[in-house]
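Read through the structure below, which is laid out as structure tokens, and then see the notes.
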Amino acid sequence: MIPESFIQELLARVDIVDVVGRYVKLRKGGANLLGLCPFHNEKTPSFTVSPTKQFYHCFGCGAHGTALRFLSEHTGAPFPEAVRSLAASVGMTVPEEPRSPRQRAADRERREEGSRQQHILEQAQAHYRAALKQAPEAVEYLKRRGLSGEIAARFGLGWASRDRRGLAAVFTHYEDPALLESGLVIEAEDGRRHDRFRGRIMFPIHNQRGQLIGFGGRLIEPGEPKYLNSPETSLFSKGNELYGLHEARAGIRAEGCVLVVEGYMDVVALAQYGLNNAVATLGTSTTPEHLRKLRRASDRIVFSFDGDGAGRKAAWRALQACLPWVAEDLSMRFLFLPEGHDPDSYVRAYGVQALRAHLDEAVPLSRFMLDELAGRHDLDEAEGRAACVHEARPLFAQMPEGGFRLQLEREFARQVRLTPEELAQLLAAAPAAGAPGPLPGTGRRPAGQGQGQGQGGAAPAPGGAARFARAQGGHAPEPEDGPWPGAGDFGAGRAPDAVPPWLDAAPPQAPRAPGRPPRRGGGSRQVTPMARRLLRLLLAHPALVAGLGDHQLELLAHHPHLGLVRQLIGLASTCGAAHAGALLQAADPESDLARAIQDLSTELMAQDLPDPQAEWDDALRAIERQTVQDQCDRLIESGLETAEDRRRYQELSRRLARLKAGGG
């Protein structure tokens, strides 16, 4: 594992302009540099690189990141490889965190095993591709399916002959255990071996880094199974992989969405017709790992299914897998083609424009869910409506709290003739025994994963940036809309539901089911104008964190709408980031903080303020003025009945006068 401290030092040493400039022609455009985006097709430059903030942002497709992310995304290099390449360019040596001899030996053995398996798979792939050219029946089959030689070469299609031991021509030591471990051969009980794939069109399967990890094979004649995948190996797990995701990266950016289909042939056929944004599950239902990868690929996901009963059942299973991921900034839709058609047959019969028209009419997840629930119960009867609520309860329990769930609950309440409040009470009850609970992979990041330093939301104790950093390591969630704590001078006596008038009120939250953990990740919190102002200042000028005093930290620690600001302070204190790009690299990519940084990317490209420290101090004075004013108002409302109330009011009034006059 590469230490985070080294990554930060590396980003402080390299210049993103030099890195991007090797691949993109840049020209001066004010304080930034402009060029044609390498991640989508465009004629007018919208790709912007900031030398001061050390990150790039495309105003066309939204691609953004640091020098490391650019190198990894543009070249397809794994992250560690991108780090080593960038480090070598500036004469730095990548250190490895200390590990025991046993750990190092185990790591070395895993790397060697993985490398050997990949080498074996690549040899088999070369054999399959060469065999396709010598197999007229396989070539004729692909032509009948409308595929050109160019598209077959692009996806690396091959042919596994019908010979039981066809791979013996490639691997002279056919009894090598590695052939069994790589999934290319099968060993019978009597010890005799034969090729796993025979008489099939071969589809190489790559991971997101572009590494060959397995194969899928399709019969060209009647038989079962029609599709056959590599078995589970140390490199390949079909529940974790999506066919075509590596090849579809550019297409997903260009189309603005990712299309999930059911088979390899659908992916290849759509690419033949110019739709290059399709990926396929590998014979399994949609899994949380699939959703995680899809979410990273695009904020618009369309699942395509056959319009028959089996297709709708598969779609319902996919919907249930999607529920923990629903969010205001993520669109998930379902496309149902006419019965008897899959994407491959439909595009061949009617053309790509007809399919695009269907894509535009894909059903939103919310509508599919409500229509399916309504179709299963008689909503004209009280019994049917009660049964519908009963079935819906575990579905809503899987959703993170937020605006999307609130909207869906209100629509469902109208459907079952309840008020939103009545429905909320019913949904807050414990799910029925045996009902499915929340699925894994809801955006909550396991401890120790990723490049960021602890993105937990525990509220930090006041009194120094280091305390913010320590607090960030906790796992307790931090409510963005919680009551004002009654500690110190800030928030004492404030009503729990009071919201300062200069803040945008956050959307009301649906009651959480008992025992269900509060949401962390999986969507974006609503960021108030003041929080946005502070985030923008800290991102553009991380050095502000070093100058925070105890008074300012205490003020921030007790404010209910500045959780993301506190997280950013903790992150900056922990990683020592020197610029916005380094903060972006250190943030957990699936956290609310990373989403907020992404949302602010456009604003960060603007001209720097002449005096960021003065702007920061002014913002915190505004927070304190409002805090003190609210406390004065509360005391007046109480009637100032006691001597302590009157003394407190006089003290707060004097402080308010000083703050309004510009003093501390």
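Every chain in the structure tokens has a letter given in the order shown (A, B, ...), and although residue numbers restart at 1 in each chain, ligands are simply numbered from 1 in the order shown.
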*Quick one: everything within 10 Å of Ile623 in chain A, counting only C-alpha atoms, minus sequence neighbours fewer than 2 positions away in the same chain. Send it as number ranges by chain.*
A: 500, 502, 530, 555-556, 559, 617-621, 625-629
Can I get the selected residues back with N, CA and C atoms, as a short mmCIF file (atom, residue, chain, number, x, y, z; two decimals), in the first residue's frame?
data_model
loop_
_atom_site.label_atom_id
_atom_site.label_comp_id
_atom_site.auth_asym_id
_atom_site.auth_seq_id
_atom_site.Cartn_x
_atom_site.Cartn_y
_atom_site.Cartn_z
N PRO A 500 -31.64 29.10 11.24
CA PRO A 500 -31.32 30.50 11.02
C PRO A 500 -31.93 31.00 9.72
N TRP A 502 -30.99 33.00 7.48
CA TRP A 502 -30.14 33.18 6.31
C TRP A 502 -29.73 31.85 5.69
N MET A 530 -24.11 29.25 3.10
CA MET A 530 -22.94 29.57 3.90
C MET A 530 -21.94 28.42 3.89
N LEU A 555 -16.90 27.66 17.08
CA LEU A 555 -18.08 28.13 16.36
C LEU A 555 -18.50 27.12 15.29
N LEU A 556 -17.53 26.62 14.52
CA LEU A 556 -17.82 25.64 13.47
C LEU A 556 -18.30 24.32 14.06
N HIS A 559 -22.13 24.22 14.92
CA HIS A 559 -23.13 24.63 13.93
C HIS A 559 -23.72 23.40 13.25
N ASP A 617 -12.80 35.18 7.38
CA ASP A 617 -13.14 35.81 8.67
C ASP A 617 -14.51 36.46 8.61
N ASP A 618 -14.82 37.09 7.47
CA ASP A 618 -16.12 37.74 7.32
C ASP A 618 -17.25 36.71 7.37
N ALA A 619 -17.04 35.56 6.74
CA ALA A 619 -18.06 34.52 6.75
C ALA A 619 -18.31 34.00 8.16
N LEU A 620 -17.25 33.77 8.92
CA LEU A 620 -17.43 33.28 10.29
C LEU A 620 -18.06 34.33 11.19
N ARG A 621 -17.75 35.62 10.94
CA ARG A 621 -18.42 36.67 11.72
C ARG A 621 -19.91 36.68 11.43
N ARG A 625 -22.68 36.32 14.24
CA ARG A 625 -23.70 37.36 14.42
C ARG A 625 -25.09 36.75 14.46
N GLN A 626 -25.35 35.83 13.53
CA GLN A 626 -26.67 35.22 13.49
C GLN A 626 -26.92 34.34 14.72
N THR A 627 -25.89 33.65 15.16
CA THR A 627 -26.02 32.81 16.35
C THR A 627 -26.38 33.64 17.58
N VAL A 628 -25.65 34.72 17.77
CA VAL A 628 -25.88 35.58 18.93
C VAL A 628 -27.24 36.26 18.82
N GLN A 629 -27.59 36.72 17.62
CA GLN A 629 -28.89 37.37 17.43
C GLN A 629 -30.03 36.41 17.78
#
*Just the residues within 9 Å of Ile2 in chain A, please, counting only C-alpha atoms, with nothing from its chain fewer than 2 positions along; format it as a list in words.*
Glu4, Ser5, Phe6, Ile7, Pro80, Val83, Val94, Pro95, Glu96 and Glu97 of chain A
*Which residues, written as a VMD selection string, have at least one atom at most 12 Å from Gln117 in chain A, with only C-alpha atoms counted and residues fewer than 3 positions away on the same chain left out?*
chain A and resid 110 to 114 120 to 124 176 to 184 211 to 214 233 to 236
*Spatial neighbours of Tyr128 in chain A, max dist 12 Å, only C-alpha atoms, sep filter under 6 positions, as a PyMOL selection string*: chain A and resi 121-122+134-135+138+153+156-162+166-167+169-170+184+197-204+215-217
*Considering only C-alpha atoms, return as number ranges by chain whatever protein or nucleic-acid residues lie within 9 Å of Ser298 in chain A, sequence-local ones (same chain, fewer than 5 positions apart) excluded.*
A: 252-253, 256-258, 293, 330
*CA of Gly563 in chain A and CA of Arg532 in chain A, how far apart in Å?*
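Taking CA of Arg532 in chain A as the start and CA of Gly563 in chain A as the end point, the length is 11.3 Å.
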*Pick from A:His541, A:Arg647, A:Arg414, A:Arg27: nearest to Glu615 in chain A, with only C-alpha atoms counted?*
A:His541
*Which residue, A:Arg595, A:Lys25, A:Lys660, A:Arg317, has the smallest gap to Asp299 in chain A when you use only C-alpha atoms?*
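Looking only at the distances to Asp299 in chain A, the closest residue turns out to be A:Arg595.
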*Compile the contact shell of range 354-363 of chain A as JSON, numbers by chain: residues with an atom at most 6 Å away, counting only C-alpha atoms, same-chain residues fewer than 2 positions apart removed.*
{"A": [333, 334, 335, 351, 352]}
